[in-house]
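As provided, protein-v1.txt (compact mmCIF, C-alpha atoms and all ligand atoms) reads as follows.
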# COMPACT_ATOMS: atom_id res chain seq x y z
CA MET A 1 17.71 -5.86 85.51
CA LYS A 2 20.75 -7.40 87.01
CA PRO A 3 23.32 -5.10 88.57
CA ALA A 4 26.51 -5.34 86.61
CA ARG A 5 28.62 -4.65 89.65
CA ASP A 6 28.39 -5.85 93.20
CA ASN A 7 27.47 -2.49 94.62
CA ALA A 8 24.55 -3.22 96.90
CA ALA A 9 23.30 0.35 97.02
CA PRO A 10 24.00 2.40 93.92
CA ASP A 11 25.38 5.76 94.92
CA LEU A 12 22.95 8.51 94.25
CA ILE A 13 24.23 11.13 91.93
CA THR A 14 22.88 14.58 92.49
CA ILE A 15 22.65 16.49 89.30
CA HIS A 16 23.33 19.81 90.96
CA GLY A 17 26.11 21.40 88.99
CA ALA A 18 25.98 18.78 86.27
CA PHE A 19 23.94 21.04 84.05
CA MET A 20 25.21 24.38 82.88
CA ALA A 21 21.79 25.96 83.31
CA GLU A 22 19.06 24.92 85.74
CA PRO A 23 17.21 22.00 84.18
CA SER A 24 13.45 21.77 84.35
CA PRO A 25 12.24 19.45 87.17
CA ASP A 26 10.98 16.87 84.63
CA ILE A 27 14.28 16.57 82.83
CA ALA A 28 16.09 16.58 86.15
CA GLU A 29 14.17 13.56 87.39
CA SER A 30 14.57 11.42 84.28
CA PHE A 31 18.22 12.46 84.08
CA THR A 32 18.87 11.34 87.65
CA ASP A 33 17.08 8.07 86.92
CA MET A 34 19.25 7.51 83.88
CA VAL A 35 22.49 8.23 85.71
CA ASN A 36 21.57 5.99 88.63
CA GLY A 37 20.29 3.32 86.27
CA VAL A 38 23.59 3.23 84.41
CA ILE A 39 25.52 3.05 87.67
CA ALA A 40 23.31 0.17 88.80
CA GLY A 41 24.14 -1.67 85.58
CA ASP A 42 20.61 -1.42 84.20
CA ARG A 43 20.98 -2.19 80.51
CA ARG A 44 17.89 -0.22 79.54
CA ALA A 45 19.23 2.87 81.24
CA LEU A 46 22.55 2.29 79.49
CA ALA A 47 20.84 1.95 76.11
CA LYS A 48 18.96 5.18 76.75
CA ALA A 49 22.15 6.94 77.79
CA ILE A 50 23.91 5.83 74.60
CA THR A 51 20.99 6.98 72.47
CA LEU A 52 21.27 10.38 74.13
CA VAL A 53 25.00 10.56 73.47
CA GLU A 54 24.49 9.56 69.83
CA SER A 55 21.77 12.13 69.26
CA ALA A 56 22.62 14.84 66.76
CA ARG A 57 20.18 17.30 68.33
CA ASP A 58 21.72 20.37 69.92
CA ASP A 59 19.49 20.35 72.99
CA ASP A 60 20.30 16.67 73.60
CA ARG A 61 23.98 17.49 73.48
CA ALA A 62 23.90 19.60 76.64
CA GLU A 63 22.23 16.76 78.50
CA ALA A 64 24.64 14.21 77.00
CA GLU A 65 27.58 16.22 78.23
CA ALA A 66 26.06 16.49 81.69
CA LEU A 67 25.62 12.73 81.66
CA LEU A 68 29.24 12.17 80.70
CA ARG A 69 30.41 14.57 83.40
CA ALA A 70 28.44 12.59 85.96
CA LEU A 71 29.67 9.19 84.76
CA MET A 72 33.24 9.75 83.55
CA PRO A 73 34.71 9.31 87.05
CA ARG A 74 33.43 5.71 86.92
CA ALA A 75 34.85 4.98 83.48
CA GLY A 76 38.17 3.35 82.74
CA ARG A 77 37.76 0.08 84.59
CA SER A 78 37.71 -2.30 81.66
CA LEU A 79 40.04 -3.97 79.27
CA ARG A 80 39.16 -2.49 75.89
CA ILE A 81 39.64 -4.95 73.08
CA GLY A 82 39.48 -3.89 69.41
CA LEU A 83 38.58 -6.53 66.85
CA SER A 84 38.84 -6.20 63.11
CA GLY A 85 38.63 -8.33 60.00
CA ALA A 86 37.11 -8.37 56.54
CA PRO A 87 33.38 -9.07 56.22
CA GLY A 88 32.89 -12.81 56.61
CA ALA A 89 36.18 -13.30 58.49
CA GLY A 90 34.22 -14.69 61.43
CA LYS A 91 34.18 -11.75 63.85
CA SER A 92 30.61 -12.14 65.04
CA THR A 93 30.88 -15.90 65.44
CA PHE A 94 34.09 -15.44 67.42
CA ILE A 95 32.62 -12.72 69.62
CA GLU A 96 29.63 -14.95 70.37
CA ALA A 97 31.81 -17.87 71.45
CA PHE A 98 34.51 -15.86 73.17
CA GLY A 99 32.03 -13.50 74.83
CA MET A 100 30.23 -16.47 76.38
CA GLN A 101 33.56 -17.75 77.67
CA LEU A 102 34.36 -14.35 79.21
CA ILE A 103 30.97 -14.38 80.93
CA ALA A 104 31.62 -17.91 82.23
CA ASP A 105 34.81 -16.48 83.74
CA GLY A 106 32.74 -13.87 85.57
CA HIS A 107 33.12 -10.91 83.24
CA GLN A 108 30.53 -8.43 82.05
CA VAL A 109 30.87 -8.05 78.30
CA ALA A 110 29.90 -5.07 76.15
CA VAL A 111 30.13 -5.35 72.37
CA LEU A 112 30.20 -2.09 70.40
CA ALA A 113 30.72 -1.51 66.71
CA VAL A 114 32.46 1.14 64.65
CA ASP A 115 31.21 0.84 61.12
CA PRO A 116 30.96 4.08 59.20
CA SER A 117 30.51 2.13 55.97
CA SER A 118 27.19 0.73 57.03
CA ARG A 119 24.24 2.83 55.96
CA ARG A 120 21.71 0.14 56.66
CA SER A 121 19.58 0.93 59.66
CA GLY A 122 21.31 0.03 62.86
CA GLY A 123 24.66 -0.87 61.36
CA SER A 124 25.97 -4.28 60.51
CA ILE A 125 26.11 -5.66 64.03
CA LEU A 126 22.34 -5.67 64.25
CA GLY A 127 22.01 -8.38 61.62
CA ASP A 128 24.87 -10.06 63.42
CA LYS A 129 22.76 -10.40 66.54
CA THR A 130 21.48 -13.58 64.95
CA ARG A 131 25.07 -14.84 65.04
CA MET A 132 25.35 -13.63 68.63
CA GLU A 133 22.16 -15.22 69.79
CA GLN A 134 23.33 -16.53 73.14
CA LEU A 135 25.30 -13.41 73.90
CA SER A 136 22.51 -11.01 73.00
CA ARG A 137 20.17 -12.84 75.40
CA ASN A 138 22.67 -13.07 78.25
CA PRO A 139 22.13 -10.59 81.11
CA SER A 140 25.90 -10.18 81.49
CA ALA A 141 26.27 -8.95 77.91
CA PHE A 142 25.36 -5.74 76.17
CA ILE A 143 25.45 -5.44 72.39
CA ARG A 144 25.21 -2.12 70.61
CA PRO A 145 25.54 -1.40 66.89
CA SER A 146 27.32 1.72 65.72
CA PRO A 147 25.21 4.71 64.86
CA SER A 148 24.19 3.95 61.28
CA GLY A 149 26.27 5.58 58.59
CA GLY A 150 27.91 8.88 59.18
CA GLU A 151 31.49 9.99 59.03
CA LEU A 152 34.20 7.95 60.69
CA GLY A 153 35.10 10.91 62.92
CA GLY A 154 31.55 11.22 64.21
CA VAL A 155 31.06 7.50 64.74
CA ALA A 156 34.43 7.22 66.52
CA ARG A 157 33.63 10.22 68.71
CA ARG A 158 30.42 8.64 69.93
CA THR A 159 32.02 5.22 70.35
CA ARG A 160 34.57 6.69 72.78
CA GLU A 161 31.73 8.08 74.83
CA THR A 162 29.85 4.79 74.61
CA ILE A 163 32.87 2.90 75.95
CA ALA A 164 32.92 5.23 78.95
CA LEU A 165 29.21 4.70 79.58
CA ALA A 166 29.52 0.91 79.34
CA GLU A 167 32.40 1.01 81.82
CA ALA A 168 30.40 3.18 84.20
CA ALA A 169 27.68 0.51 83.99
CA GLY A 170 30.18 -2.08 85.22
CA PHE A 171 31.15 -3.78 81.96
CA ASP A 172 34.76 -4.85 82.45
CA ARG A 173 35.40 -6.28 78.99
CA VAL A 174 34.55 -3.93 76.16
CA LEU A 175 34.86 -5.41 72.67
CA VAL A 176 34.92 -2.84 69.88
CA GLU A 177 34.31 -4.45 66.51
CA THR A 178 35.13 -2.85 63.20
CA VAL A 179 34.92 -4.04 59.62
CA GLY A 180 38.27 -4.11 57.91
CA VAL A 181 37.67 -1.37 55.40
CA GLY A 182 40.57 0.99 56.02
CA GLN A 183 40.83 3.86 58.42
CA SER A 184 38.38 2.54 60.97
CA GLU A 185 41.04 0.09 62.25
CA THR A 186 43.27 2.99 63.21
CA ALA A 187 40.38 4.75 64.89
CA VAL A 188 39.58 1.63 66.90
CA ALA A 189 43.23 0.97 67.78
CA ASP A 190 43.31 4.55 69.09
CA MET A 191 40.52 3.92 71.56
CA THR A 192 41.36 0.40 72.76
CA ASP A 193 44.10 -1.31 74.79
CA LEU A 194 44.57 -4.30 72.58
CA PHE A 195 43.93 -4.92 68.90
CA VAL A 196 42.95 -8.33 67.51
CA LEU A 197 42.97 -9.02 63.78
CA LEU A 198 40.88 -11.90 62.42
CA LEU A 199 41.78 -13.49 59.09
CA ALA A 200 39.80 -16.17 57.31
CA PRO A 201 41.79 -18.94 55.68
CA ALA A 202 42.06 -18.54 51.92
CA GLY A 203 43.98 -20.24 49.19
CA GLY A 204 46.97 -18.99 47.26
CA ASP A 205 48.51 -15.59 47.87
CA GLU A 206 45.86 -14.53 50.36
CA LEU A 207 48.32 -12.55 52.44
CA GLN A 208 48.64 -10.05 49.61
CA GLY A 209 45.14 -8.89 50.41
CA VAL A 210 46.01 -8.03 54.01
CA LYS A 211 47.40 -4.56 54.23
CA ARG A 212 50.71 -4.37 55.96
CA GLY A 213 49.61 -1.34 57.96
CA ILE A 214 46.72 -3.32 59.43
CA MET A 215 48.94 -6.31 60.25
CA GLU A 216 51.26 -3.92 62.06
CA LEU A 217 48.44 -2.65 64.25
CA ALA A 218 47.60 -6.13 65.49
CA ASP A 219 48.69 -7.34 68.94
CA ILE A 220 47.14 -10.77 68.40
CA ILE A 221 46.21 -12.38 65.07
CA LEU A 222 43.55 -15.08 64.78
CA VAL A 223 43.12 -17.30 61.77
CA THR A 224 39.49 -18.36 61.88
CA LYS A 225 37.55 -21.43 60.74
CA ALA A 226 40.30 -23.94 61.56
CA ASP A 227 37.88 -26.84 61.37
CA GLY A 228 36.69 -29.48 58.91
CA ASP A 229 37.89 -29.05 55.34
CA MET A 230 39.31 -25.62 56.06
CA ARG A 231 41.61 -26.70 58.88
CA PRO A 232 44.68 -27.39 56.70
CA ALA A 233 44.29 -24.06 54.88
CA ALA A 234 43.89 -22.27 58.23
CA LEU A 235 47.05 -23.85 59.66
CA ARG A 236 48.99 -22.99 56.51
CA GLN A 237 47.72 -19.42 56.67
CA ALA A 238 48.74 -19.17 60.33
CA ALA A 239 52.27 -20.29 59.43
CA ASP A 240 52.43 -17.80 56.54
CA VAL A 241 51.27 -14.97 58.76
CA SER A 242 53.83 -15.87 61.44
CA ALA A 243 56.56 -15.84 58.78
CA ALA A 244 55.43 -12.46 57.45
CA LEU A 245 55.41 -11.00 60.97
CA MET A 246 59.13 -11.66 61.32
CA PHE A 247 59.71 -8.74 58.99
CA MET A 248 57.44 -6.37 60.88
CA SER A 249 57.85 -4.58 64.15
CA PRO A 250 55.18 -5.11 66.80
CA ARG A 251 53.06 -2.16 67.87
CA ILE A 252 54.16 -2.70 71.46
CA ALA A 253 57.89 -3.02 72.02
CA GLY A 254 59.04 -6.43 73.20
CA TRP A 255 55.76 -8.15 72.40
CA ARG A 256 55.78 -11.14 70.07
CA VAL A 257 52.48 -11.10 68.19
CA PRO A 258 50.94 -14.56 68.55
CA VAL A 259 49.14 -16.09 65.59
CA ILE A 260 46.43 -18.50 66.74
CA ALA A 261 44.32 -20.78 64.58
CA ILE A 262 40.83 -20.98 66.05
CA SER A 263 37.46 -22.51 65.38
CA ALA A 264 34.70 -20.47 66.94
CA LEU A 265 32.21 -23.14 65.89
CA GLU A 266 34.06 -25.92 67.71
CA GLY A 267 35.46 -23.71 70.47
CA ALA A 268 39.01 -24.67 69.51
CA GLY A 269 41.83 -22.26 70.35
CA LEU A 270 39.67 -20.01 72.53
CA ASP A 271 41.67 -20.87 75.66
CA GLN A 272 44.83 -19.84 73.82
CA VAL A 273 43.21 -16.55 72.89
CA LYS A 274 42.29 -15.97 76.51
CA ALA A 275 45.86 -16.73 77.60
CA ALA A 276 47.31 -14.46 74.90
CA ILE A 277 45.09 -11.59 76.00
CA ALA A 278 46.11 -12.09 79.63
CA ASP A 279 49.80 -12.21 78.62
CA PHE A 280 49.45 -9.07 76.60
CA ALA A 281 47.61 -7.23 79.35
CA ALA A 282 50.38 -8.14 81.80
CA HIS A 283 53.17 -7.31 79.36
CA ASP A 284 51.62 -3.95 78.53
CA ALA A 285 50.21 -2.87 81.91
CA GLU A 286 52.39 0.21 82.19
CA GLY A 287 52.19 1.05 78.51
CA ARG A 288 48.42 0.80 78.69
CA ALA A 289 48.19 3.35 81.47
CA GLN A 290 50.43 5.74 79.54
CA ARG A 291 48.62 5.18 76.27
CA ARG A 292 45.25 5.85 77.84
CA LYS A 293 46.49 9.23 79.00
CA ALA A 294 47.66 10.01 75.48
CA GLN A 295 44.35 8.72 74.10
CA ASP A 296 42.47 11.02 76.46
CA ALA A 297 44.57 13.96 75.33
CA ALA A 298 43.90 13.06 71.67
CA TRP A 299 40.21 12.73 72.54
CA MET A 300 40.28 16.25 73.97
CA TRP A 301 41.81 17.66 70.80
CA ASN A 302 39.37 15.83 68.54
CA GLU A 303 36.50 17.09 70.62
CA PHE A 304 37.93 20.59 70.59
CA LYS A 305 38.22 20.57 66.80
CA ALA A 306 34.67 19.30 66.38
CA LEU A 307 33.27 21.85 68.84
CA MET A 308 35.21 24.76 67.34
CA LEU A 309 34.02 23.82 63.87
CA ALA A 310 30.43 23.52 65.03
CA ARG A 311 30.62 26.83 66.86
CA ALA A 312 32.16 28.63 63.87
CA LEU A 313 29.59 27.27 61.44
CA SER A 314 26.71 28.06 63.77
CA ASN A 315 27.29 31.69 62.79
CA PRO A 316 25.18 32.17 59.62
CA LYS A 317 27.61 34.72 58.18
CA VAL A 318 30.53 32.34 58.57
CA ALA A 319 28.51 29.43 57.18
CA ALA A 320 27.58 31.48 54.11
CA GLN A 321 31.18 32.53 53.59
CA ALA A 322 32.25 28.90 53.95
CA ARG A 323 29.86 27.79 51.21
CA LEU A 324 31.03 30.60 48.96
CA LEU A 325 34.69 29.76 49.49
CA GLU A 326 34.05 26.08 48.94
CA ASP A 327 32.46 26.89 45.56
CA GLN A 328 35.42 29.07 44.65
CA VAL A 329 37.83 26.29 45.59
CA MET A 330 35.92 23.84 43.42
CA ARG A 331 35.97 26.25 40.48
CA GLY A 332 39.71 26.66 40.97
CA GLU A 333 39.39 30.38 41.67
CA ILE A 334 41.13 30.24 45.00
CA SER A 335 43.53 27.73 46.52
CA PRO A 336 42.24 25.52 49.32
CA VAL A 337 44.86 26.90 51.69
CA ALA A 338 43.99 30.52 50.91
CA ALA A 339 40.29 29.74 51.31
CA ALA A 340 40.84 28.16 54.72
CA ARG A 341 42.87 31.18 55.79
CA ALA A 342 40.15 33.55 54.57
CA LEU A 343 37.57 31.58 56.52
CA VAL A 344 39.61 31.81 59.72
CA GLU A 345 39.94 35.57 59.20
CA GLY A 346 36.19 35.66 58.70
CA VAL A 347 35.57 33.86 61.98
CA ASN A 348 37.97 36.07 63.90
CA SER A 349 36.67 39.36 62.53
CA ASP A 350 33.08 38.53 63.35
N1 LIG B 401 33.51 -23.57 59.67
C1 LIG B 401 33.48 -22.42 60.35
N2 LIG B 401 32.77 -21.40 59.87
C2 LIG B 401 32.76 -20.24 60.57
C3 LIG B 401 33.47 -20.08 61.77
N3 LIG B 401 33.29 -18.82 62.22
C4 LIG B 401 32.49 -18.22 61.32
N4 LIG B 401 32.16 -19.07 60.32
C5 LIG B 401 31.26 -18.79 59.19
O1 LIG B 401 31.76 -17.71 58.42
C6 LIG B 401 30.68 -16.89 57.97
C7 LIG B 401 30.93 -15.45 58.42
O2 LIG B 401 30.95 -15.41 59.82
P1 LIG B 401 30.64 -14.06 60.65
O3 LIG B 401 30.90 -14.37 62.07
O4 LIG B 401 29.31 -13.53 60.31
O5 LIG B 401 31.74 -13.08 60.06
P2 LIG B 401 31.91 -11.49 60.24
O6 LIG B 401 31.35 -10.85 59.01
O7 LIG B 401 33.38 -11.26 60.32
O8 LIG B 401 31.20 -11.07 61.47
C8 LIG B 401 29.42 -17.48 58.55
O9 LIG B 401 28.81 -18.26 57.58
C9 LIG B 401 29.91 -18.32 59.70
O10 LIG B 401 29.07 -19.41 59.97
C10 LIG B 401 34.21 -21.22 62.27
O11 LIG B 401 34.85 -21.20 63.33
N5 LIG B 401 34.19 -22.35 61.52
MG MG B 402 29.81 -9.61 61.73
Whole structure, structure tokens version:
Amino acid sequence: MKPARDNAAPDLITIHGAFMAEPSPDIAESFTDMVNGVIAGDRRALAKAITLVESARDDDRAEAEALLRALMPRAGRSLRIGLSGAPGAGKSTFIEAFGMQLIADGHQVAVLAVDPSSRRSGGSILGDKTRMEQLSRNPSAFIRPSPSGGELGGVARRTRETIALAEAAGFDRVLVETVGVGQSETAVADMTDLFVLLLAPAGGDELQGVKRGIMELADIILVTKADGDMRPAALRQAADVSAALMFMSPRIAGWRVPVIAISALEGAGLDQVKAAIADFAAHDAEGRAQRRKAQDAAWMWNEFKALMLARALSNPKVAAQARLLEDQVMRGEISPVAAARALVEGVNSD
């Protein structure tokens, strides 16, 4: 495998202290291999590390946390780009074309997906690999579907960790794709530096279908498929979107959200996208640093909530009481607020 960074000799990570308890020698060896493999930019080691982090098994979790402790100091060195759009908007085709351009510019590109709606095995991006054929075969790219199905919170939690692992492996452009189905856009905007919305050209009052809240999250808007018969519709849509933006405030103060008509198939507009991203990154350099701190703090609280919940429910007495209270809430015998309070009392008195 090709090293993703130009570190001639990967630093050896000793696992001493990384585990809470002494690991068995077998685990210790494969763990060290995985950590060093990720640092060396070995995509197989990275894939293994992500699988570990996504695992729902309790005993894997301890190892996953040790892995994150070892690798977190190397995270943070990428531009994290969120991408969203309705199914069929042209996300995968754009990522294929744009990703190849990023690689031509010397970048290492990781593509991750947040798609809690997908219950098909491997998530939607897997089928998309056929639309990302060049990228998926390129040694400077790494493509990873979201863990299939599951709750948004859980998928988002693991995606944050996956971003960190990809960064530790030397990927300096991390693209996080999400299907425009609602809350997942906010989750992705909360873990990235820059949010790109893709809209397909459509006739008539197409803008009605785009939720204002999602438009307001976008730092850059792309109108896709500006080629052939669809070019006029795409240009019209771009003008409509620009007009609508005049009545909205940008997410980042002082930034004018550019609307760019592109054709991923013909490669048109991709240079403008690249320039817009560079402009945004420069405009927002200080804001980005601040926001990442706030994102890390939010990450801590999300993690804390998830861990506290898991710990509380790992007590069989509390779990039984929780089920009982939930039934009572559903029968209307107790208010949700009173039930939650009773559950907290139950946890504390145990
Ligand atoms: N004409 C044209 N078609 C495109 C372009 N980009 C995507 N498409 C088509 O739009 C459809 C959906 O594209 P896809 O990338 O899978 O969308 P996604 O669901 O957002 O990932 C496919 O049939 C693509 O071939 C483009 O730039 N021009
Ligand atoms: Mg797709």
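For the atom pair formed by atom CA of A:Ala110 and atom CA of A:Asp172, the distance is 8.0 Å, given to one decimal.
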Test item: which residues lie within 12 Å of (35.9, -31.3, 63.3) counting only C-alpha atoms, as a ChimeraX atom specification:
/A:225-232,262-268
Residue with smallest distance to A:Glu65 - pool A:Trp255, A:Leu165, A:Phe98, A:Arg80, counting all atoms listed in the file
A:Leu165
I'd like the interatomic distance between atom CA of A:Val223 and atom CA of A:Leu199, to a tenth of an Å.
4.8 Å
Within 12 Å of ligand LIG 401 (chain B) (counting only C-alpha atoms and all ligand atoms), which residues show up? I'd like them as a VMD selection string.
chain A and resid 83 to 98 113 115 124 to 133 177 to 181 197 to 201 222 to 231 233 to 234 261 to 270
Same residues, C-alpha atoms, output as a PDB file, in the frame of the given file:
ATOM      1  CA  LEU A  83      38.580  -6.530  66.850  1.00  0.00           C
ATOM      2  CA  SER A  84      38.840  -6.200  63.110  1.00  0.00           C
ATOM      3  CA  GLY A  85      38.630  -8.330  60.000  1.00  0.00           C
ATOM      4  CA  ALA A  86      37.110  -8.370  56.540  1.00  0.00           C
ATOM      5  CA  PRO A  87      33.380  -9.070  56.220  1.00  0.00           C
ATOM      6  CA  GLY A  88      32.890 -12.810  56.610  1.00  0.00           C
ATOM      7  CA  ALA A  89      36.180 -13.300  58.490  1.00  0.00           C
ATOM      8  CA  GLY A  90      34.220 -14.690  61.430  1.00  0.00           C
ATOM      9  CA  LYS A  91      34.180 -11.750  63.850  1.00  0.00           C
ATOM     10  CA  SER A  92      30.610 -12.140  65.040  1.00  0.00           C
ATOM     11  CA  THR A  93      30.880 -15.900  65.440  1.00  0.00           C
ATOM     12  CA  PHE A  94      34.090 -15.440  67.420  1.00  0.00           C
ATOM     13  CA  ILE A  95      32.620 -12.720  69.620  1.00  0.00           C
ATOM     14  CA  GLU A  96      29.630 -14.950  70.370  1.00  0.00           C
ATOM     15  CA  ALA A  97      31.810 -17.870  71.450  1.00  0.00           C
ATOM     16  CA  PHE A  98      34.510 -15.860  73.170  1.00  0.00           C
ATOM     17  CA  ALA A 113      30.720  -1.510  66.710  1.00  0.00           C
ATOM     18  CA  ASP A 115      31.210   0.840  61.120  1.00  0.00           C
ATOM     19  CA  SER A 124      25.970  -4.280  60.510  1.00  0.00           C
ATOM     20  CA  ILE A 125      26.110  -5.660  64.030  1.00  0.00           C
ATOM     21  CA  LEU A 126      22.340  -5.670  64.250  1.00  0.00           C
ATOM     22  CA  GLY A 127      22.010  -8.380  61.620  1.00  0.00           C
ATOM     23  CA  ASP A 128      24.870 -10.060  63.420  1.00  0.00           C
ATOM     24  CA  LYS A 129      22.760 -10.400  66.540  1.00  0.00           C
ATOM     25  CA  THR A 130      21.480 -13.580  64.950  1.00  0.00           C
ATOM     26  CA  ARG A 131      25.070 -14.840  65.040  1.00  0.00           C
ATOM     27  CA  MET A 132      25.350 -13.630  68.630  1.00  0.00           C
ATOM     28  CA  GLU A 133      22.160 -15.220  69.790  1.00  0.00           C
ATOM     29  CA  GLU A 177      34.310  -4.450  66.510  1.00  0.00           C
ATOM     30  CA  THR A 178      35.130  -2.850  63.200  1.00  0.00           C
ATOM     31  CA  VAL A 179      34.920  -4.040  59.620  1.00  0.00           C
ATOM     32  CA  GLY A 180      38.270  -4.110  57.910  1.00  0.00           C
ATOM     33  CA  VAL A 181      37.670  -1.370  55.400  1.00  0.00           C
ATOM     34  CA  LEU A 197      42.970  -9.020  63.780  1.00  0.00           C
ATOM     35  CA  LEU A 198      40.880 -11.900  62.420  1.00  0.00           C
ATOM     36  CA  LEU A 199      41.780 -13.490  59.090  1.00  0.00           C
ATOM     37  CA  ALA A 200      39.800 -16.170  57.310  1.00  0.00           C
ATOM     38  CA  PRO A 201      41.790 -18.940  55.680  1.00  0.00           C
ATOM     39  CA  LEU A 222      43.550 -15.080  64.780  1.00  0.00           C
ATOM     40  CA  VAL A 223      43.120 -17.300  61.770  1.00  0.00           C
ATOM     41  CA  THR A 224      39.490 -18.360  61.880  1.00  0.00           C
ATOM     42  CA  LYS A 225      37.550 -21.430  60.740  1.00  0.00           C
ATOM     43  CA  ALA A 226      40.300 -23.940  61.560  1.00  0.00           C
ATOM     44  CA  ASP A 227      37.880 -26.840  61.370  1.00  0.00           C
ATOM     45  CA  GLY A 228      36.690 -29.480  58.910  1.00  0.00           C
ATOM     46  CA  ASP A 229      37.890 -29.050  55.340  1.00  0.00           C
ATOM     47  CA  MET A 230      39.310 -25.620  56.060  1.00  0.00           C
ATOM     48  CA  ARG A 231      41.610 -26.700  58.880  1.00  0.00           C
ATOM     49  CA  ALA A 233      44.290 -24.060  54.880  1.00  0.00           C
ATOM     50  CA  ALA A 234      43.890 -22.270  58.230  1.00  0.00           C
ATOM     51  CA  ALA A 261      44.320 -20.780  64.580  1.00  0.00           C
ATOM     52  CA  ILE A 262      40.830 -20.980  66.050  1.00  0.00           C
ATOM     53  CA  SER A 263      37.460 -22.510  65.380  1.00  0.00           C
ATOM     54  CA  ALA A 264      34.700 -20.470  66.940  1.00  0.00           C
ATOM     55  CA  LEU A 265      32.210 -23.140  65.890  1.00  0.00           C
ATOM     56  CA  GLU A 266      34.060 -25.920  67.710  1.00  0.00           C
ATOM     57  CA  GLY A 267      35.460 -23.710  70.470  1.00  0.00           C
ATOM     58  CA  ALA A 268      39.010 -24.670  69.510  1.00  0.00           C
ATOM     59  CA  GLY A 269      41.830 -22.260  70.350  1.00  0.00           C
ATOM     60  CA  LEU A 270      39.670 -20.010  72.530  1.00  0.00           C
TER      61      LEU A 270
END
From the list A:Val176, A:Ser140, A:Ala168, A:Ala64, which residue is nearest ligand MG 402 (chain B) when using all atoms listed in the file?
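Counting all atoms listed in the file, the residue closest to ligand MG 402 (chain B) is A:Val176.
Residues with any atom within 10 Å of A:Ser242, counting all atoms listed in the file and excluding same-chain neighbours fewer than 2 positions away, are Ile221, Arg236, Gln237, Ala238, Ala239, Asp240, Ala244, Leu245, Met246, Phe247, Val257, Pro258, Val259 and Ile260 of chain A.
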Let me make sure I understand: among A:Arg331, A:Phe31, A:Asn302, A:Ala75, which one has the smallest atom-to-atom distance to A:Asp60 if we use all atoms listed in the file?
A:Phe31
Shell of 9 Å around stretch 214-218 of chain A, only C-alpha atoms, local chain residues under 6 positions omitted, as a count of residues only:
15
Which residue gives the smallest distance to ligand MG 402 (chain B) among A:Val111, A:Ala45, A:Ile277, A:Ile103, with all atoms listed in the file counted?
A:Val111
At what distance in Å, to one decimal, does atom CA of A:Lys293 lie from atom CA of A:Pro147?
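Atom-to-atom, atom CA of A:Pro147 and atom CA of A:Lys293 are spaced 25.9 Å apart.
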Write out as a PDB file with C-alpha atoms, keeping the file's coordinate frame each polymer residue whose atoms come within 9 Å of A:Val53, counting all atoms listed in the file; drop sequence neighbours fewer than 2 positions from it.
ATOM      1  CA  LYS A  48      18.960   5.180  76.750  1.00  0.00           C
ATOM      2  CA  ALA A  49      22.150   6.940  77.790  1.00  0.00           C
ATOM      3  CA  ILE A  50      23.910   5.830  74.600  1.00  0.00           C
ATOM      4  CA  THR A  51      20.990   6.980  72.470  1.00  0.00           C
ATOM      5  CA  SER A  55      21.770  12.130  69.260  1.00  0.00           C
ATOM      6  CA  ALA A  56      22.620  14.840  66.760  1.00  0.00           C
ATOM      7  CA  ASP A  60      20.300  16.670  73.600  1.00  0.00           C
ATOM      8  CA  ARG A  61      23.980  17.490  73.480  1.00  0.00           C
ATOM      9  CA  GLU A  63      22.230  16.760  78.500  1.00  0.00           C
ATOM     10  CA  ALA A  64      24.640  14.210  77.000  1.00  0.00           C
ATOM     11  CA  GLU A  65      27.580  16.220  78.230  1.00  0.00           C
ATOM     12  CA  LEU A  67      25.620  12.730  81.660  1.00  0.00           C
ATOM     13  CA  LEU A  68      29.240  12.170  80.700  1.00  0.00           C
ATOM     14  CA  ARG A 158      30.420   8.640  69.930  1.00  0.00           C
ATOM     15  CA  GLU A 161      31.730   8.080  74.830  1.00  0.00           C
ATOM     16  CA  THR A 162      29.850   4.790  74.610  1.00  0.00           C
TER      17      THR A 162
END
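Closest approach to ligand MG 402 (chain B) from the set A:Gly41, A:Gly76, A:Gly82, A:Pro145 is made by A:Pro145, with distances taken over only C-alpha atoms and all ligand atoms.
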Near A:Arg77, within 10 Å and counting only C-alpha atoms, which residues show up once chain neighbours fewer than 6 positions away are dropped, as a PyMOL selection string?
chain A and resi 164+166-168+170-174
With only C-alpha atoms and all ligand atoms as the atoms that count, which of A:Ala62, A:Met300, A:Leu79, A:Val114 lies nearest to ligand MG 402 (chain B)?
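Closest candidate: A:Val114.
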What box, with edges along x, y and z, holds each listed atom of stretch 207-223 of chain A when 8 Å is added on every side, and can you state its centre and edge lengths in Å to one decimal, as JSON?
{"center_x": 47.2, "center_y": -9.3, "center_z": 59.3, "size_x": 24.1, "size_y": 32.0, "size_z": 35.3}
